[in-house]
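J.: Structure supplied as work-v3.txt; contents: compact mmCIF, C-alpha atoms.
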```txt
# COMPACT_ATOMS: atom_id res chain seq x y z
CA THR A 1 4.95 -13.28 -33.74
CA LYS A 2 2.87 -12.15 -30.78
CA PRO A 3 5.64 -10.26 -28.92
CA SER A 4 6.43 -8.18 -32.02
CA GLU A 5 2.74 -7.35 -32.41
CA LYS A 6 2.69 -5.95 -28.90
CA ALA A 7 5.94 -4.00 -29.26
CA VAL A 8 4.07 -0.94 -30.54
CA ALA A 9 2.73 -0.53 -27.02
CA ALA A 10 6.16 -0.32 -25.34
CA SER A 11 5.62 3.03 -23.68
CA PRO A 12 6.23 4.35 -20.15
CA GLU A 13 2.67 5.60 -19.80
CA LYS A 14 -0.50 3.52 -19.71
CA GLU A 15 -2.40 6.11 -21.74
CA GLU A 16 0.08 5.70 -24.56
CA ILE A 17 -0.62 1.95 -24.51
CA ASN A 18 -4.32 2.69 -24.81
CA ASN A 19 -3.79 5.09 -27.70
CA CYS A 20 -1.62 2.60 -29.59
CA LYS A 21 -4.07 -0.23 -29.12
CA GLU A 22 -7.26 1.75 -29.65
CA ARG A 23 -6.22 3.70 -32.71
CA LEU A 24 -3.58 1.67 -34.49
CA ASP A 25 -3.61 -2.00 -33.59
CA GLN A 26 -6.09 -4.74 -34.31
CA LEU A 27 -4.85 -7.83 -32.55
CA ILE A 28 -5.37 -10.79 -34.85
CA SER A 29 -5.20 -14.48 -34.02
CA ILE A 30 -5.52 -16.92 -36.93
CA MET A 31 -7.02 -20.19 -35.76
CA GLN A 32 -8.10 -22.27 -38.72
CA PRO A 33 -10.75 -21.98 -39.87
CA LYS A 34 -11.47 -18.82 -37.83
CA VAL A 35 -9.86 -15.41 -37.54
CA ILE A 36 -10.47 -13.56 -34.28
CA VAL A 37 -9.96 -9.77 -34.13
CA THR A 38 -10.13 -7.40 -31.16
CA ILE A 39 -10.83 -3.73 -31.82
CA GLY A 40 -10.54 -0.99 -29.18
CA ASN A 41 -12.97 1.84 -28.71
CA PHE A 42 -10.93 4.44 -30.67
CA ALA A 43 -10.97 6.77 -27.65
CA THR A 44 -14.76 7.06 -27.59
CA ASN A 45 -17.44 5.31 -25.56
CA ARG A 46 -20.43 6.83 -27.30
CA ILE A 47 -21.39 4.22 -29.87
CA ILE A 48 -19.46 1.04 -29.20
CA ASN A 49 -22.23 -0.64 -27.20
CA LYS A 50 -24.56 -0.82 -30.19
CA ILE A 51 -24.70 -3.78 -32.53
CA GLY A 52 -24.29 -2.89 -36.18
CA ILE A 53 -22.13 -3.98 -39.11
CA THR A 54 -20.91 -0.39 -39.62
CA ASN A 55 -19.87 -0.05 -35.96
CA LEU A 56 -17.15 -2.51 -34.98
CA ARG A 57 -15.45 -0.49 -32.25
CA GLY A 58 -15.08 -1.97 -28.80
CA LYS A 59 -15.85 -5.48 -29.97
CA ILE A 60 -14.39 -8.90 -30.61
CA LEU A 61 -14.98 -10.04 -34.16
CA ARG A 62 -14.92 -13.49 -35.72
CA TYR A 63 -14.50 -14.50 -39.35
CA ASN A 64 -14.32 -17.73 -41.28
CA ILE A 65 -11.25 -18.14 -43.48
CA ASP A 66 -11.09 -20.45 -46.48
CA ALA A 67 -8.20 -22.08 -48.31
CA ASN A 68 -7.73 -18.93 -50.40
CA SER A 69 -7.51 -16.73 -47.27
CA ILE A 70 -10.88 -15.14 -48.03
CA LEU A 71 -12.65 -13.89 -44.90
CA THR A 72 -16.40 -14.06 -44.37
CA PRO A 73 -18.24 -12.85 -41.23
CA ALA A 74 -18.85 -15.51 -38.60
CA GLY A 75 -20.26 -13.48 -35.75
CA THR A 76 -23.15 -14.41 -33.48
CA VAL A 77 -25.56 -11.49 -33.81
CA PRO A 78 -29.03 -13.06 -33.99
CA GLY A 79 -30.56 -12.77 -37.45
CA ASP A 80 -27.56 -11.02 -39.02
CA LEU A 81 -25.44 -13.43 -41.04
CA ASN A 82 -23.31 -10.56 -42.36
CA SER A 83 -22.09 -9.43 -38.95
CA PRO A 84 -18.67 -10.47 -37.64
CA ILE A 85 -19.51 -9.39 -34.07
CA PHE A 86 -18.87 -12.10 -31.48
CA ALA A 87 -18.87 -10.01 -28.27
CA LEU A 88 -19.26 -6.30 -27.45
CA GLY A 89 -19.18 -3.68 -24.71
CA LEU A 90 -15.38 -3.88 -24.49
CA ARG A 91 -13.08 -0.89 -24.08
CA ASN A 92 -9.71 -2.29 -25.10
CA SER A 93 -9.10 -6.04 -25.02
CA PHE A 94 -5.32 -6.18 -25.36
CA ASP A 95 -4.85 -9.95 -25.65
CA PHE A 96 -6.83 -13.17 -25.47
CA THR A 97 -6.34 -16.89 -24.98
CA PHE A 98 -8.46 -20.03 -25.00
CA HIS A 99 -9.21 -22.52 -22.24
CA PRO A 100 -7.18 -25.64 -23.11
CA THR A 101 -10.08 -28.10 -22.81
CA ALA A 102 -13.31 -26.08 -23.09
CA GLY A 103 -12.06 -23.68 -25.78
CA THR A 104 -13.66 -20.66 -24.08
CA MET A 105 -11.97 -17.31 -24.75
CA TYR A 106 -10.43 -15.29 -21.90
CA ALA A 107 -9.25 -11.71 -22.53
CA SER A 108 -7.32 -8.97 -20.77
CA GLU A 109 -9.04 -5.58 -20.79
CA ILE A 110 -7.47 -2.15 -20.26
CA GLY A 111 -9.88 0.21 -18.53
CA PRO A 112 -9.87 4.01 -18.26
CA ASN A 113 -8.63 5.26 -14.84
CA CYS A 114 -10.27 2.27 -13.13
CA ASP A 115 -11.43 -1.28 -13.76
CA ASP A 116 -8.73 -3.04 -15.70
CA GLU A 117 -10.18 -6.52 -16.11
CA VAL A 118 -9.91 -10.17 -17.03
CA ASN A 119 -13.03 -11.31 -18.88
CA ARG A 120 -14.42 -14.68 -19.90
CA ILE A 121 -15.68 -14.00 -23.42
CA ILE A 122 -18.82 -15.79 -24.58
CA SER A 123 -20.93 -15.62 -27.72
CA GLN A 124 -23.17 -12.49 -27.79
CA GLY A 125 -21.69 -11.38 -24.47
CA ASN A 126 -22.03 -7.69 -23.56
CA TYR A 127 -19.35 -6.50 -21.11
CA GLY A 128 -20.80 -3.10 -20.35
CA TRP A 129 -18.36 -0.46 -21.61
CA ARG A 130 -20.58 2.48 -22.61
CA GLN A 131 -21.10 6.20 -22.30
CA GLY A 132 -21.21 7.16 -18.63
CA TYR A 133 -19.58 3.92 -17.51
CA PRO A 134 -19.24 4.06 -13.68
CA CYS A 135 -16.12 2.70 -11.99
CA GLY A 136 -16.90 -0.56 -10.21
CA ASP A 137 -19.97 -1.12 -12.40
CA THR A 138 -22.17 -4.00 -11.19
CA ASP A 139 -25.13 -3.54 -13.56
CA PRO A 140 -26.64 -7.06 -13.84
CA GLN A 141 -27.57 -6.65 -17.48
CA PHE A 142 -23.87 -6.86 -18.38
CA ILE A 143 -21.37 -9.68 -17.86
CA GLN A 144 -19.13 -8.97 -14.89
CA PRO A 145 -15.33 -9.45 -15.07
CA LEU A 146 -13.58 -12.35 -13.39
CA VAL A 147 -11.02 -9.93 -11.95
CA ARG A 148 -11.13 -6.15 -11.66
CA PHE A 149 -8.10 -3.93 -10.90
CA THR A 150 -8.36 -0.46 -9.36
CA PRO A 151 -5.79 1.15 -9.21
CA THR A 152 -5.14 0.07 -12.75
CA ILE A 153 -2.27 -2.24 -13.75
CA ALA A 154 -2.53 -2.13 -17.59
CA PRO A 155 -2.98 -5.90 -18.13
CA THR A 156 -1.41 -7.03 -21.39
CA GLY A 157 -0.51 -10.64 -22.28
CA ILE A 158 -2.64 -13.56 -21.09
CA MET A 159 -2.31 -17.32 -21.54
CA PHE A 160 -3.22 -20.74 -20.16
CA TYR A 161 -0.21 -22.85 -19.29
CA THR A 162 -0.24 -26.01 -21.42
CA GLY A 163 3.31 -27.28 -20.96
CA SER A 164 4.55 -30.34 -19.07
CA LEU A 165 7.38 -28.86 -16.96
CA PHE A 166 5.28 -27.06 -14.36
CA THR A 167 2.70 -29.77 -13.71
CA GLN A 168 1.38 -27.92 -10.66
CA TRP A 169 0.34 -25.08 -12.99
CA SER A 170 -1.25 -27.15 -15.74
CA GLY A 171 -4.31 -25.36 -17.10
CA HIS A 172 -3.75 -22.28 -14.95
CA LEU A 173 -4.30 -18.77 -16.33
CA PHE A 174 -1.35 -16.34 -16.40
CA LEU A 175 -1.56 -12.56 -16.81
CA VAL A 176 1.21 -9.98 -17.21
CA ALA A 177 0.88 -6.25 -16.60
CA PHE A 178 2.63 -3.19 -17.98
CA ASN A 179 2.28 -0.84 -15.02
CA ASP A 180 3.44 -2.99 -12.11
CA GLY A 181 5.57 -5.58 -13.93
CA GLN A 182 3.84 -8.52 -12.26
CA ILE A 183 3.05 -12.01 -13.51
CA ARG A 184 -0.16 -13.25 -11.89
CA ARG A 185 -1.38 -16.83 -11.80
CA TYR A 186 -5.04 -17.80 -11.50
CA VAL A 187 -6.85 -21.09 -11.03
CA VAL A 188 -10.14 -20.85 -12.91
CA ASP A 189 -13.10 -23.19 -12.67
CA GLU A 190 -14.49 -23.30 -16.21
CA GLY A 191 -17.43 -25.36 -14.95
CA GLN A 192 -18.45 -22.35 -12.84
CA LYS A 193 -18.13 -19.80 -15.65
CA GLY A 194 -14.47 -19.13 -14.95
CA LYS A 195 -14.77 -18.54 -11.21
CA ILE A 196 -11.32 -17.90 -9.74
CA THR A 197 -10.55 -20.30 -6.90
CA ASP A 198 -6.91 -19.40 -6.23
CA SER A 199 -4.37 -16.76 -7.28
CA GLU A 200 -0.86 -15.53 -6.61
CA THR A 201 1.82 -13.22 -7.97
CA ILE A 202 4.76 -15.35 -9.09
CA PHE A 203 7.13 -12.64 -10.32
CA THR A 204 7.62 -8.88 -10.21
CA ASP A 205 9.92 -6.94 -12.53
CA PRO A 206 10.73 -3.59 -10.85
CA SER A 207 11.03 -1.93 -14.24
CA GLY A 208 7.49 -2.96 -15.21
CA SER A 209 6.64 -2.94 -18.92
CA LEU A 210 5.57 -6.59 -19.29
CA LEU A 211 3.84 -7.15 -22.62
CA ASP A 212 3.20 -10.81 -23.39
CA ILE A 213 3.43 -14.34 -21.99
CA VAL A 214 3.37 -17.74 -23.73
CA THR A 215 4.01 -21.42 -23.12
CA GLY A 216 7.11 -22.40 -25.07
CA PRO A 217 7.43 -25.65 -27.05
CA ASP A 218 9.99 -26.74 -24.43
CA GLY A 219 7.42 -26.32 -21.63
CA ASN A 220 9.09 -23.23 -20.15
CA ILE A 221 7.21 -19.96 -19.75
CA TYR A 222 8.39 -17.03 -21.86
CA PHE A 223 7.43 -13.40 -21.32
CA THR A 224 8.42 -10.14 -22.96
CA THR A 225 9.21 -6.65 -21.76
CA GLY A 226 9.70 -3.54 -23.86
CA THR A 227 13.33 -4.52 -24.42
CA SER A 228 13.75 -8.25 -23.81
CA ILE A 229 12.40 -11.80 -24.00
CA ARG A 230 12.75 -13.72 -20.74
CA ARG A 231 12.18 -17.29 -19.60
CA ILE A 232 10.90 -18.95 -16.44
CA VAL A 233 12.55 -22.36 -16.02
CA ARG A 234 12.12 -25.13 -13.49
CA GLY A 235 14.68 -25.07 -10.70
CA PRO A 236 16.92 -27.97 -9.68
```
Turn the structure described in the file into structure tokens.

T.:
Amino acid sequence: TKPSEKAVAASPEKEEINNCKERLDQLISIMQPKVIVTIGNFATNRIINKIGITNLRGKILRYNIDANSILTPAGTVPGDLNSPIFALGLRNSFDFTFHPTAGTMYASEIGPNCDDEVNRIISQGNYGWRQGYPCGDTDPQFIQPLVRFTPTIAPTGIMFYTGSLFTQWSGHLFLVAFNDGQIRRYVVDEGQKGKITDSETIFTDPSGSLLDIVTGPDGNIYFTTGTSIRRIVRGP
């Protein structure tokens, strides 16, 4: 279902992606017994860096879900059991995935005219998007991205490879981008808070518009564009 969820963002302009994601879409991943939701900043950076149950913009939310599909907040705001907020200070986290052994969340982040990012999302983490955000921000009170892209690439789908066909890529992080049509591969050291130790671009689609990437049940890698579903297979 993930490619169809992203199809609303199939647009030739990055700003249209942002508008779709920030105003219309709430990316939902159901992982029993939790539901994880990302919410964009709704085209404003004025209030999203404040914690409050009435202000959920620019945040990643977490809920418990019971057998009757009833949701209850399961955030991590200290002293607030009614808050679903798990992490904040995010502009527009388009997609997320989980480390295959540690379970830590990693998310793609679409910036304004600078600083597209890959972030390692932790409980109560504040990632710094706020009013007056400066490009290349290194403020130590906020969690810094693992990767930062300027010029921007509009990062979309993200996943850890968990198949058995490409053994040399087992546990590696893959990222696709809308603007430049590239599939990037990263080796992350979860023991060092996701430090990237190696990276490469494995594919470039001249037409761009890459939206999502997943490990298939057959071990191949599947990715989507605005008009197609494609597959990376092992050569002879």

J.: What does the distance from atom CA of Gly40 of chain A to atom CA of Ile70 of chain A come to in Å, to one decimal?

T.: 23.6 Å

J.: Can you tell me, as an NGL selection string, what residues are no more than 9 Å from Ile121 of chain A when counting only C-alpha atoms, ignoring any on the same chain fewer than 6 positions away?

T.: :A and (60 or 86-87 or 104-107 or 127)

J.: As an exercise, work out the distance from atom CA of Leu88 of chain A to atom CA of Pro151 of chain A in Å and give it to one decimal place.

T.: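 Taking atom CA of Leu88 of chain A and atom CA of Pro151 of chain A, their separation equals 23.9 Å.
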
J.: Let me make sure I understand: among A:Pro134, A:Pro100, A:Gly208, A:Gly125, which one has the smallest atom-to-atom distance to Ile153 of chain A if we use all atoms listed in the file?

T.: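 Looking at the shortest contact to Ile153 of chain A, the residue is A:Gly208.
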
J.: What does the distance between atom CA of Phe178 of chain A and atom CA of Val233 of chain A come to in Å, to one decimal place?

T.: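 Between atom CA of Phe178 of chain A and atom CA of Val233 of chain A the gap works out to 21.7 Å.
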
J.: Pick out the closest residue to Asn64 of chain A from this set: A:Val37, A:Leu90, A:Ile143, A:Leu175. Count all atoms listed in the file.

T.: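 Nearest to Asn64 of chain A: A:Val37.
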
J.: Compare A:Lys193, A:Met159, A:Leu146, A:Leu211 by their minimum atom-to-atom distance to Ala177 of chain A, counting only C-alpha atoms, and give me the closest one.

T.: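 When distances to Ala177 of chain A are compared using only C-alpha atoms, the smallest one comes from A:Leu211.
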
J.: Considering all atoms listed in the file, can you say which of A:Arg234, A:Arg148, A:Arg120, A:Lys195 comes closest to Asn220 of chain A?

T.: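 With all atoms listed in the file as the atom set, the closest residue is A:Arg234.
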
J.: So which one's closest to Ile39 of chain A, A:Ser93, A:Gln192, A:Ser69, A:Thr197? Using only C-alpha atoms, please.

T.: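 Of A:Ser93, A:Gln192, A:Ser69, A:Thr197, the one nearest Ile39 of chain A, counting only C-alpha atoms, is A:Ser93.
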
J.: Point out the residue among A:Ser83, A:Ser228, A:Thr150, A:Asn113 with the least atom-to-atom distance to Tyr133 of chain A, counting only C-alpha atoms.

T.: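 Smallest separation from Tyr133 of chain A among the options: A:Asn113.
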
J.: Since the input has fewer atoms than a full residue there, write segment 188-222 of chain A out with N, CA and C atoms, as a short mmCIF file (atom, residue, chain, number, x, y, z; two decimals), in the frame of the given file.

T.:
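Written file, selection_12.cif:
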```
data_model
loop_
_atom_site.label_atom_id
_atom_site.label_comp_id
_atom_site.auth_asym_id
_atom_site.auth_seq_id
_atom_site.Cartn_x
_atom_site.Cartn_y
_atom_site.Cartn_z
N VAL A 188 -8.77 -21.15 -12.52
CA VAL A 188 -10.14 -20.85 -12.91
C VAL A 188 -10.94 -22.14 -13.01
N ASP A 189 -12.19 -22.06 -12.59
CA ASP A 189 -13.10 -23.19 -12.67
C ASP A 189 -14.03 -22.95 -13.86
N GLU A 190 -13.69 -23.52 -15.00
CA GLU A 190 -14.49 -23.30 -16.21
C GLU A 190 -15.91 -23.80 -16.02
N GLY A 191 -16.09 -24.83 -15.21
CA GLY A 191 -17.43 -25.36 -14.95
C GLY A 191 -18.32 -24.39 -14.19
N GLN A 192 -17.69 -23.39 -13.53
CA GLN A 192 -18.45 -22.35 -12.84
C GLN A 192 -18.24 -20.99 -13.52
N LYS A 193 -18.24 -21.01 -14.83
CA LYS A 193 -18.13 -19.80 -15.65
C LYS A 193 -16.85 -19.02 -15.36
N GLY A 194 -15.76 -19.76 -15.14
CA GLY A 194 -14.47 -19.13 -14.95
C GLY A 194 -14.21 -18.60 -13.56
N LYS A 195 -14.97 -19.01 -12.59
CA LYS A 195 -14.77 -18.54 -11.21
C LYS A 195 -13.33 -18.79 -10.78
N ILE A 196 -12.70 -17.78 -10.19
CA ILE A 196 -11.32 -17.90 -9.74
C ILE A 196 -11.30 -18.49 -8.34
N THR A 197 -10.59 -19.61 -8.19
CA THR A 197 -10.55 -20.30 -6.90
C THR A 197 -9.22 -20.13 -6.17
N ASP A 198 -8.21 -19.62 -6.87
CA ASP A 198 -6.91 -19.40 -6.23
C ASP A 198 -6.11 -18.44 -7.10
N SER A 199 -5.20 -17.69 -6.50
CA SER A 199 -4.37 -16.76 -7.28
C SER A 199 -3.11 -16.42 -6.50
N GLU A 200 -2.08 -16.00 -7.23
CA GLU A 200 -0.86 -15.53 -6.61
C GLU A 200 -0.06 -14.73 -7.63
N THR A 201 0.84 -13.91 -7.13
CA THR A 201 1.82 -13.22 -7.97
C THR A 201 3.11 -14.02 -7.92
N ILE A 202 3.58 -14.48 -9.08
CA ILE A 202 4.76 -15.35 -9.09
C ILE A 202 6.05 -14.60 -9.41
N PHE A 203 5.93 -13.38 -9.93
CA PHE A 203 7.13 -12.64 -10.32
C PHE A 203 6.80 -11.17 -10.43
N THR A 204 7.76 -10.32 -10.04
CA THR A 204 7.62 -8.88 -10.21
C THR A 204 8.90 -8.32 -10.80
N ASP A 205 8.79 -7.63 -11.92
CA ASP A 205 9.92 -6.94 -12.53
C ASP A 205 9.84 -5.48 -12.11
N PRO A 206 10.80 -4.98 -11.33
CA PRO A 206 10.73 -3.59 -10.85
C PRO A 206 10.62 -2.56 -11.96
N SER A 207 11.10 -2.90 -13.14
CA SER A 207 11.03 -1.93 -14.24
C SER A 207 9.67 -1.92 -14.92
N GLY A 208 8.81 -2.90 -14.59
CA GLY A 208 7.49 -2.96 -15.21
C GLY A 208 7.58 -3.33 -16.68
N SER A 209 6.63 -2.84 -17.45
CA SER A 209 6.64 -2.94 -18.92
C SER A 209 6.50 -4.36 -19.45
N LEU A 210 5.79 -5.25 -18.75
CA LEU A 210 5.57 -6.59 -19.29
C LEU A 210 4.49 -6.54 -20.36
N LEU A 211 4.71 -7.27 -21.45
CA LEU A 211 3.84 -7.15 -22.62
C LEU A 211 3.14 -8.44 -23.02
N ASP A 212 3.82 -9.58 -22.92
CA ASP A 212 3.20 -10.81 -23.39
C ASP A 212 3.75 -12.00 -22.62
N ILE A 213 3.01 -13.12 -22.67
CA ILE A 213 3.43 -14.34 -21.99
C ILE A 213 2.90 -15.53 -22.78
N VAL A 214 3.76 -16.55 -22.95
CA VAL A 214 3.37 -17.74 -23.73
C VAL A 214 3.99 -18.98 -23.11
N THR A 215 3.39 -20.14 -23.42
CA THR A 215 4.01 -21.42 -23.12
C THR A 215 4.92 -21.78 -24.29
N GLY A 216 6.19 -22.03 -24.01
CA GLY A 216 7.11 -22.40 -25.07
C GLY A 216 6.99 -23.86 -25.44
N PRO A 217 7.47 -24.24 -26.63
CA PRO A 217 7.43 -25.65 -27.05
C PRO A 217 8.26 -26.55 -26.14
N ASP A 218 9.19 -25.96 -25.38
CA ASP A 218 9.99 -26.74 -24.43
C ASP A 218 9.34 -26.85 -23.06
N GLY A 219 8.14 -26.26 -22.90
CA GLY A 219 7.42 -26.32 -21.63
C GLY A 219 7.74 -25.20 -20.68
N ASN A 220 8.78 -24.40 -20.97
CA ASN A 220 9.09 -23.23 -20.15
C ASN A 220 8.09 -22.12 -20.45
N ILE A 221 8.08 -21.12 -19.57
CA ILE A 221 7.21 -19.96 -19.75
C ILE A 221 8.06 -18.79 -20.21
N TYR A 222 7.67 -18.18 -21.31
CA TYR A 222 8.39 -17.03 -21.86
C TYR A 222 7.52 -15.78 -21.72
#
```
